[in-house]
Amino acid sequence: MLVAVSEPSTVAVAAAPAVELRGITKRYPGVVANHDINITVIRGHVHAIVGENGAGKSTLMKTLYGMHRPDEGEIAVNGEVVHLSSPGEAIRSGIGMVHQHFMLADNLTVAENIVLGDEPRRFGILDKRAARRRIAEISDAYGLGLRPDALVEELGVGDRQRVEIAKVLYRGAKILILDEPTAVLVPHEVDELFGNLRELKAEGLTVLFISHKLDEVLAVADEITVIRRGTTVATVDPKATTARQLAELMVGSELPVPELRESTVTDTVELSLRNLTVRAADGRTVLDGVTFDIHRGEIVGIGGVEGNGQAELVEVILGLHAVESGQILLGGEDIARWGTRRRRTSGIGYIPEDRHRQGLLLEAPLWENRVLGHQTEAPNVRGPLIDVSAARRDTERIVAEYDVRTPGIDVTAASLSGGNQQKLIVGREMSAHPRVLIASHPTRGVDVGAQAAIWDHLRTARAEGLAVLLISADLDELIGMSDTLHVILRGRLVAQVDPRSVTPSELGAAMTGVEGDDATAPAEPGPADSGPAESGPHLTKGGSS
Amino acid sequence: MTTAAPARTSRLSHLVSTERVYRLGLAVAAAVLALVFAALITSLILLITGHGPISALHHMIDYGTQATQISAIINQATTYYLAAIAVAIGFRMNLFNIGVDGQYQLAAILAAAFGGTVALPPGLRQIGIIVVAMLVGSFWAGIVGVLKVTRGVSEVISTIMLNFVATGAIAFLIKPSNLGHLYGENLTTKPIPSSGQVGGISLIPGSDVKVYGLVFLAIGVGVGFQFLISRTRFGFDLRATGRSASAARASGVNVKKMIVVAMLLSGAVAGLVNMPELLGNAHNYSLSTPSGIGFTGIAIALLGRNNPVGIVFASLLWAFLDTSSNILQISNIPTSIVSITEGVVVLSAVVAFELVNRYALRRQQRKVGRELGLTTPDPGGPEAGGTGSEAVPA
Amino acid sequence: MTVRDASAQAVSALRADRRLTATNAAVSRMILLTLVGLVAISVTRIASDKPALTSGGVLGAAINAGVPIMLAGLGGLWAERAGVVNIGLEGQMILGTYFAAYFGYKSGSPWMLIVGGLIGGLIGGVLHAIATVGFNVDQIISGVAINLLAPGIAKYLAGIYFTTDKALASGGGPTQSPKVDVFNAFDWHGADRWLDKLTAHHWFVVSDLAGGVDAIISSLNAFTLIALALVPITWFLMRRTAFGLRLRSCGENPTEAETLGVKVYTLKSTAVIVSGVLAGLAGAFLVNYTGVYHEGQTNGRGYIGLAAMIFGNWNPGGLVLGSGLFGYTDALQQQTTTATVHALLLLVAIMLALAGLWAFAQRRVAQGVVALVAAALVLVWYLTTDSIPAEFATYSPQIITLFVLAVASQRLRMPAADGLPWRRGQGA
């Protein structure tokens with residue numbers, strides 16, 4: 001558990017609040033995203049805003065950042081009411097936004113990304129030396145470690161986030177908004193980030209911190225505001241609140257919990273990977289000798305920092321990427337040479353990580369999306385033709401069974417919320433009665449209700465004999481759902497942990513290679529880790545089951 | 001928030017299908033608006049350059065509704081229809097087959113030469129000619145598909161380059177030392193005898209001109225295209241690839257194969273473009289065989305929104321404009337004014353359709369929101385925007 | 001700072017050095033390619049005994065043929081660097097040819113050719129900008145629509161304004177304009193005669209170089225200078241100014257640019273309009289070279305310009321190389337006999353063979369074999385025939401374009417957000 005605690009600044013009591021939101025309301029066609037939001041942020045505080053996916057946090061931040069104007073209400077910065085009609089205005093008011101999905105141009109350098117829009121120049125010509133100087137100043141003052149001439153493409157996730165922070169500091173932001181900053185970080189990197197935040201506070205800056213990770217929020221925030229269904233429901237003192245209380249405020253009801261369960265793992269191996277080695281287009285080895293089995297009735301989880309080969313693992317199993325050497329055995333048959341279609345029809349189901357890119361045809365109606373991925377199977381087809389009426393009937397069944405909230409099956413997939421889209425995909429895949437299901441980040445960007453439903457469906461299917469490969473960055477999901485849990489690092493399975501006893505902190509440590517086989521990435525032991533870099537009682541080396 | 005989904009579905013499915021009618025109505029309105037806009041611009045240009053738009057239109061309508069002209073319009077529309085379907089096949093896959101022009105002309109000369117020299121029994125001869133045309137068109141388009149999937153060459157550029165090469169190839173082939181024969185002043189391929197021709201139909205009473213017999217071929221192609229696209233597994237795969245190549249790939253579609261097959265199909269239909277005229281009227285390929293129909297096909301496909309029924313109306317409209325504009329010479333108006341009209345129609349139609357699409361999407365989201373009482377926008381909703389398709393060339 | 005940070009810094013400093021060297025490598029690669037090309041052409045000339053291949057006349061024509069392609073490609077580059085695909089270059093060029101001829105004819109001054117070209121291209125560029133940036137229409141469809149509209153406009157206007165009695169008397173007609181005044185080449189007062197002598201010696205490489213220099217200086221006129229100057233100007237604007245950085249950011253990550261206060265719509269529109277203007281200038285250059293407007297004179301050069309841009313990897317330097325190549329092919333087919341064009345086959349065989357050897361050196365065996373086999377086939381073709389049919393020779397630029405794109409397309413990288421539709425507020 002993360003234990004870092006921050007001290008509220010003692011300075012700011014009498015001064016005007018850094019930011020005040022009064023009665024903010026914002027409507028979109030068909031939805032009211034925010035209504036009557038009231039938040040007061042004290043200067044020098046780290047003020048957290050929590051709410052589940054879809055509660056309206058992002059919309060609120062866009063308002064605060066000038067991406068759009070609120071329909072009602074007003075914003076006051078340092079006591080003065082401001083009208084933020086563009087991001088430029090927000091910047092001028094001292095507000096800087098660090099986005100959840102980094103907005104960086106890969107083909108440009110760090111320096112170019114940072115100074116873009118506010119470049120130091122002489123008669124229009126870029127003054128590169130001045131830019132480098134200023135960036136060095138910021139980097140040193142806040143400990144960011146920036147390299148101005150590196151191409152952003154070369155940077156890892158933590159570095160990219162620091163570039164985003166530098167972007168706002170460069171523009172003289174005094175109020176930083178961080179939108180889900182820890183979504184892609186492992187516990188060790190989160191500690192680094194919190195260290196950065198402490199330095200920012202020490203320099204008198206104010207931080208707004210949006211998150212749905214309650215443990216972290218409780219660890220770092222001075223005040224927490226809860227948003228639910230578009231409006232503010234409470235502002236609490238983290239020292240007086242528990243995670244559970246916060247969660248219940250967020251959801252307004254009892255929480256679902258990945259429960260303890262009886263093992264349903266059988267002895268029959270459904271999917272087996274043996275010594276799988278895969279290369280990327282540029283020759284890099286992305287998977288190196290990966291070997292593991294998935295049995296009927298088992299959920300095998302693979303945890304790892306994004307970019308360590310999980311995406312390639314999924315693609316290789318589905319046939320979207322070539323195998324250099326090794327075997328993929330489905331029920332004993334080597335499918336490494338099979339095409340994607342053959343694999344899908346032989347019983348491999350797929351819940352993709354990016355449902356918009358790989359899982360759905362956004363402009364097509366729901367019933368056509370039901371057919372997608374199964375356009376050679378019943379009930380969608382009869383011979384070479386699509387059986388439209390049967391597909392439509394089945395879509396209605398899925399909508400009912402999987403609680404997909406939609407007025408009908410003729411609306412386009414784009415109109416549905418993320419959670420409902422995902423439920424449709426899950427329903428579609430389950431309806432084909434697969435033998436193996438590849439679930440890649442299945443509950444990412446999905447509201448808590450849909451998340452619980454999807455977990456339920458997965459567990460039920462597992463009890464009926466489904467073999468599941470679960471790739472996730474949500475440590476709770478991995479620990480709560482997996483029967484067997486591997487850690488992937490740089491393309492190799494480096495550890496296998498017991499999900500019944502491992503802690504998120506230990507798992508995170510394994511994911512960043514604390515048990516270093518390698519010398520180039522030693523991690524700092526965090527203050528709360530259960531000891532330095534050796535294997536704990538819950539971790540075993542090696543990757544085979 | 002739980003709702004009894006089945007009851008809602010049935011109550012609302014009626015509403016939604018009215019929704020579809022509504023959207024169709026919007027699209028038609030958009031097309032009409034584009035036409036009106038183009039008419040306005042054309043009138044403006046005519047006025048600036050000293051002519052009267054009303055009288056010009058009057059002349060055109062008078063002329064175009066004569067019996068003979070109606071037959072000519074139907075014939076012209078038949079040719080245009082085939083070209084537009086060829087282009088539409090590509091468009092549905094997000095492929096831009098700008099090369100229909102080269103494909104159909106190359107197919108025309110080779111099919112005409114085949115028909116003139118290879119003696120097959122009647123019936124079989126016509127079929128042979130048509131098959132040769134389809135094969136040639138397919139081949140010429142197939143090169144583009146193969147280049148795209150193996151070497152990543154943008155089909156926009158390669159089709160246009162191949163158009164030029166086709167022109168060169170045809171100039172080479174029509175030489176008397178190759179396939180050309182000199183009949184007096186005319187250089188043509190060997191004419192197809194009557195046993196290899198397709199007779200016309202006297203569809204319009206009082207017309208001096210018969211409607212091409214192969215109008216039925218065009219109708220068949222249109223019906224076949226609609227059936228293929230909306231009812232078959234292949235058509236599903238094709239549309240899916242056009243909407244999102246990445247989703248199609250994950251669903252098991254071999255996208256590279258799809259691209260090549262789509263180009264082959266498109267080229268095959270392109271090869272048919274000149275067949276009604278060849279077998280029903282000219283019976284040979286010569287320097288007066290019409291050219292540029294490929295580009296007209298693109299305009300018509302865009303106006304008809306790549307839909308076989310919409311393309312029928314667009315083809316007839318275009319044929320009307322082209323045929324009846326001949327009368328303008330009497331008023332000393334250059335017939336090329338019509339090409340300005342057509343160009344403006346295309347540009348304004350694509351703008352109008354885009355606006356209509358956006359409006360329809362927002363309206364649908366509002367309905368979804370209203371029905372379900374949602375209070376939060378969909379992360380995958382208003383921000384979803386683009387199609388995420390990857391098949392767009394550089 | 002931790003050990004990890006330090007070592008990471010060291011690694012990336014090394015990478016940064018390597019990347020700087022990579023930029024140097026790119027430049028040296030271009031220089032090497034040019035040198036290799038030079039030697040190969042020289043060898044071809046001597047082996048096939050076709051001195052016309054590198055004569056000053058042909059090379060001069062190559063420059064004149066290459067400049068319009070380069071200008072069009074530059075236009076394409078401006079638009080695509082800002083994230084908008086401009087297929088409409090051909091139509092914008094056509095408008096440029098018409099308006100250049102019209103203004104040139106009416107005023108009698110060659111400078112009005114330029115003005116006319118600017119105007120024609122501006123019209124086309126504005127249309128494309130409104131459709132794609134304003135209404136978010138599919139960029140390729142908009143470009144295709146402009147290419148359908150422009151010839152109609154040009155034809156219509158030419159039919160009216162070039163068929164007046166006065167125009168007819170000066171050689172005009174519905175498909176051709178009367179002759180216009182053009183820029184004259186700079187007069188070097190015989191200083192270039194020693195270059196002619198060098199060329200006449202037919203020495204290996206030296207004479208070819210002499211032919212090249214001769215061509216450059218004898219084809220120089222004010223317009224050519226302006227056109228060529230636009231390349232370094234573009235490079236400087238793009239790489240060294242704030243404006244250029246912001247424009248490029250629109251093509252790499254427009255959402256990021258928007259959040260930082262960059263006016264994305266304005267920049268994209270500007271880029272597209274500049275793109276059209278450059279294409280219009282290309283058209284004006286065509287008119288300047290031939291002295292008239294005539295229907296269909298662009299002949300696909302707008303598209304070839306796009307190909308040159310792709311070949312140049314969206315950089316002005318590579319674009320010039322590509323345009324040079326296409327221009328040379330164009331000049332060859334215009335100015336010389338089919339027998340000389342036929343000699344190009346030998347050049348192609350040599351280049352294919354070299355490419356094959358290079359592939360082997362990089363351990364790409366399969367590609368190397370394919371290239372060598374192709375080289376052998378082309379060589380056989382060369383040896384067994386005397387000439388290429390005139391009809392194909394006419395379109396050798398287009399064939400070469402296809403060929404070059406097929407070989408080069410895969411290793412290139414376009415701006416990250418190129419071709420993507422973008423609307424305000426699309427940020428996550």
# chains A, B, ... in the order shown; residues from 1 in each chain; ligands from 1
call {"tool": "closest_atom_pairs", "arguments": {"of": "chain A", "to": "chain C", "cutoff": "8 Å", "atoms": "only C-alpha atoms", "output": "tab-separated table"}}
result
residue	atom	partner	partner_atom	distance
A:Met67	CA	C:Gly425	CA	6.3
A:His68	CA	C:Gly425	CA	7.5
A:Ser86	CA	C:Gly261	CA	7.3
A:Pro87	CA	C:Thr259	CA	5.5
A:Gly88	CA	C:Gly261	CA	4.6
A:His99	CA	C:Ala428	CA	7.8
A:Gln100	CA	C:Ala428	CA	7.8
A:His101	CA	C:Ala428	CA	6.7
A:Met103	CA	C:Glu256	CA	4.8
A:Leu104	CA	C:Glu256	CA	6.3
A:Ala105	CA	C:Asn253	CA	5.3
A:Asp106	CA	C:Glu252	CA	7.5
A:Asn107	CA	C:Glu252	CA	7.0
A:Glu112	CA	C:Leu245	CA	7.5
A:Leu116	CA	C:Arg246	CA	6.5
A:Gly117	CA	C:Val262	CA	5.4
A:Glu119	CA	C:Ala242	CA	6.3
A:Arg121	CA	C:Ala242	CA	7.2
A:Gly124	CA	C:Thr241	CA	5.6
A:Ile125	CA	C:Thr241	CA	4.2
A:Leu126	CA	C:Thr241	CA	5.0
A:Gly143	CA	C:Met1	CA	7.7
A:Gly145	CA	C:Asp5	CA	7.4
A:Arg147	CA	C:Gln9	CA	7.7
A:Asp149	CA	C:Ala16	CA	6.9
A:Ala150	CA	C:Ala16	CA	5.9
A:Thr520	CA	C:Arg4	CA	6.8
A:Ala521	CA	C:Arg4	CA	5.7
A:Pro522	CA	C:Arg4	CA	6.2
A:Ala523	CA	C:Arg4	CA	7.2
A:Glu524	CA	C:Thr2	CA	7.9
call {"tool": "interface_residues", "arguments": {"of": "chain B", "to": "chain C", "cutoff": "6 Å", "atoms": "only C-alpha atoms", "output": "list in words"}}
result
Arg151, Gly152, Val153, Met161, Gly168, Phe172, Ser336, Ile337, Ser339, Ile340, Gly343, Leu347 and Glu383 of chain B
call {"tool": "residues_around", "arguments": {"residues": "range 360-365 of chain A", "least_positions_apart": "2", "cutoff": "8 Å", "atoms": "only C-alpha atoms", "output": "PDB file with C-alpha atoms, in the first residue's frame"}}
result
ATOM      1  CA  ARG A 355     -12.792  -1.446 -29.095  1.00  0.00           C
ATOM      2  CA  HIS A 356     -13.153   1.458 -31.512  1.00  0.00           C
ATOM      3  CA  ARG A 357     -10.292   0.313 -33.678  1.00  0.00           C
ATOM      4  CA  GLN A 358     -10.652  -3.425 -33.498  1.00  0.00           C
ATOM      5  CA  TRP A 367     -26.926  -5.821 -35.400  1.00  0.00           C
ATOM      6  CA  GLU A 368     -24.150  -5.548 -37.971  1.00  0.00           C
ATOM      7  CA  ASN A 369     -21.697  -5.200 -35.129  1.00  0.00           C
ATOM      8  CA  LEU A 372     -18.636  -8.682 -36.909  1.00  0.00           C
ATOM      9  CA  ILE A 409     -30.573  -2.461 -32.566  1.00  0.00           C
ATOM     10  CA  ASP A 410     -30.596  -0.074 -35.484  1.00  0.00           C
ATOM     11  CA  VAL A 411     -28.709   2.703 -33.777  1.00  0.00           C
ATOM     12  CA  THR A 412     -25.065   2.973 -34.687  1.00  0.00           C
ATOM     13  CA  ALA A 413     -22.456   1.662 -32.304  1.00  0.00           C
ATOM     14  CA  ALA A 414     -21.035   5.143 -31.992  1.00  0.00           C
TER      15      ALA A 414
ATOM     16  CA  ALA B 240     -16.537  -3.711 -42.935  1.00  0.00           C
ATOM     17  CA  ARG B 243     -15.562   1.273 -42.588  1.00  0.00           C
ATOM     18  CA  SER B 244     -12.615   0.151 -40.471  1.00  0.00           C
ATOM     19  CA  ALA B 247     -11.730  -3.953 -37.103  1.00  0.00           C
ATOM     20  CA  ALA B 384     -15.913   9.179 -31.695  1.00  0.00           C
ATOM     21  CA  THR B 387     -14.309   6.159 -38.980  1.00  0.00           C
TER      22      THR B 387
END
call {"tool": "residues_around", "arguments": {"residues": "Gly304 in chain A", "least_positions_apart": "6", "cutoff": "12 Å", "atoms": "only C-alpha atoms", "output": "number ranges by chain"}}
result
A: 184-187, 310-311, 441, 470-475, 478, 485-496, 504, 507-513
call {"tool": "interface_residues", "arguments": {"of": "chain A", "to": "chain B", "cutoff": "6 Å", "atoms": "only C-alpha atoms", "output": "VMD selection string"}}
result
chain A and resid 29 to 33 54 340 to 341 357 to 359 373 384 to 386 400 407 to 408 414 to 415 417 to 418
call {"tool": "residues_around", "arguments": {"residues": "Val320 in chain C", "least_positions_apart": "5", "cutoff": "8 Å", "atoms": "only C-alpha atoms", "output": "PDB file with N, CA and C atoms, in the first residue's frame"}}
result
ATOM      1  N   MET C  70       8.063  20.097 -59.546  1.00  0.00           N
ATOM      2  CA  MET C  70       8.573  20.461 -58.237  1.00  0.00           C
ATOM      3  C   MET C  70       7.644  21.435 -57.535  1.00  0.00           C
ATOM      4  N   ALA C 308       6.449  12.869 -56.506  1.00  0.00           N
ATOM      5  CA  ALA C 308       7.776  13.382 -56.168  1.00  0.00           C
ATOM      6  C   ALA C 308       7.856  13.716 -54.687  1.00  0.00           C
ATOM      7  N   GLY C 312      10.284  12.022 -52.016  1.00  0.00           N
ATOM      8  CA  GLY C 312      11.201  12.828 -51.222  1.00  0.00           C
ATOM      9  C   GLY C 312      10.927  12.756 -49.737  1.00  0.00           C
TER      10      GLY C 312
END
call {"tool": "residues_around", "arguments": {"residues": "Leu71 in chain C", "least_positions_apart": "4", "cutoff": "12 Å", "atoms": "only C-alpha atoms", "output": "PyMOL selection string"}}
result
chain C and resi 63-67+75-78+89-90+92-93+96+117+121+223-224+226-231+234+274-286+301-306+308-309+316+319-320+322-324+327
call {"tool": "closest_atom_pairs", "arguments": {"of": "range 52-112 of chain B", "to": "range 185-204 of chain B", "cutoff": "9 Å", "atoms": "only C-alpha atoms", "output": "tab-separated table"}}
result
residue	atom	partner	partner_atom	distance
B:Ala67	CA	B:Ile204	CA	6.3
B:Thr68	CA	B:Ile204	CA	7.8
B:Ile70	CA	B:Ile204	CA	7.5
B:Ser71	CA	B:Ile204	CA	6.4
B:Ile109	CA	B:Thr189	CA	7.4
B:Leu110	CA	B:Thr189	CA	8.9
B:Ala112	CA	B:Thr189	CA	6.6
call {"tool": "write_last_selection", "arguments": {"atoms": "N, CA and C atoms", "output": "PDB file, in the first residue's frame"}}
result
ATOM      1  N   ALA B  67     -38.578  12.558 -78.069  1.00  0.00           N
ATOM      2  CA  ALA B  67     -38.521  11.098 -78.011  1.00  0.00           C
ATOM      3  C   ALA B  67     -37.129  10.567 -78.319  1.00  0.00           C
ATOM      4  N   THR B  68     -36.534  11.064 -79.406  1.00  0.00           N
ATOM      5  CA  THR B  68     -35.217  10.572 -79.778  1.00  0.00           C
ATOM      6  C   THR B  68     -34.198  10.849 -78.689  1.00  0.00           C
ATOM      7  N   ILE B  70     -34.785  11.235 -75.558  1.00  0.00           N
ATOM      8  CA  ILE B  70     -34.998  10.409 -74.368  1.00  0.00           C
ATOM      9  C   ILE B  70     -34.288   9.070 -74.529  1.00  0.00           C
ATOM     10  N   SER B  71     -34.413   8.480 -75.698  1.00  0.00           N
ATOM     11  CA  SER B  71     -33.704   7.222 -75.929  1.00  0.00           C
ATOM     12  C   SER B  71     -32.202   7.426 -75.793  1.00  0.00           C
ATOM     13  N   ILE B 109     -11.057  -1.599 -76.572  1.00  0.00           N
ATOM     14  CA  ILE B 109     -10.346  -1.865 -77.812  1.00  0.00           C
ATOM     15  C   ILE B 109     -10.025  -3.346 -77.958  1.00  0.00           C
ATOM     16  N   LEU B 110      -9.640  -3.954 -76.835  1.00  0.00           N
ATOM     17  CA  LEU B 110      -9.283  -5.366 -76.950  1.00  0.00           C
ATOM     18  C   LEU B 110     -10.517  -6.232 -77.183  1.00  0.00           C
ATOM     19  N   ALA B 112     -13.271  -5.258 -78.661  1.00  0.00           N
ATOM     20  CA  ALA B 112     -13.741  -4.995 -80.016  1.00  0.00           C
ATOM     21  C   ALA B 112     -12.905  -5.771 -81.021  1.00  0.00           C
TER      22      ALA B 112
END
call {"tool": "atom_distance", "arguments": {"atom1": "CA of Glu52 in chain A", "atom2": "CA of Lys423 in chain A"}}
result
17.1 Å
call {"tool": "select_by_dssp", "arguments": {"residues": "range 33-228 of chain C", "states": "helix (DSSP H, G or I)", "output": "ChimeraX atom specification"}}
result
/C:33-48,51-54,56-81,89-107,110-134,139-161,165-169,193-200,206-219,222-228
call {"tool": "residues_around", "arguments": {"residues": "Val226 in chain A", "least_positions_apart": "6", "cutoff": "8 Å", "atoms": "only C-alpha atoms", "output": "VMD selection string"}}
result
chain A and resid 49 to 51 232 to 235 246 249 to 250
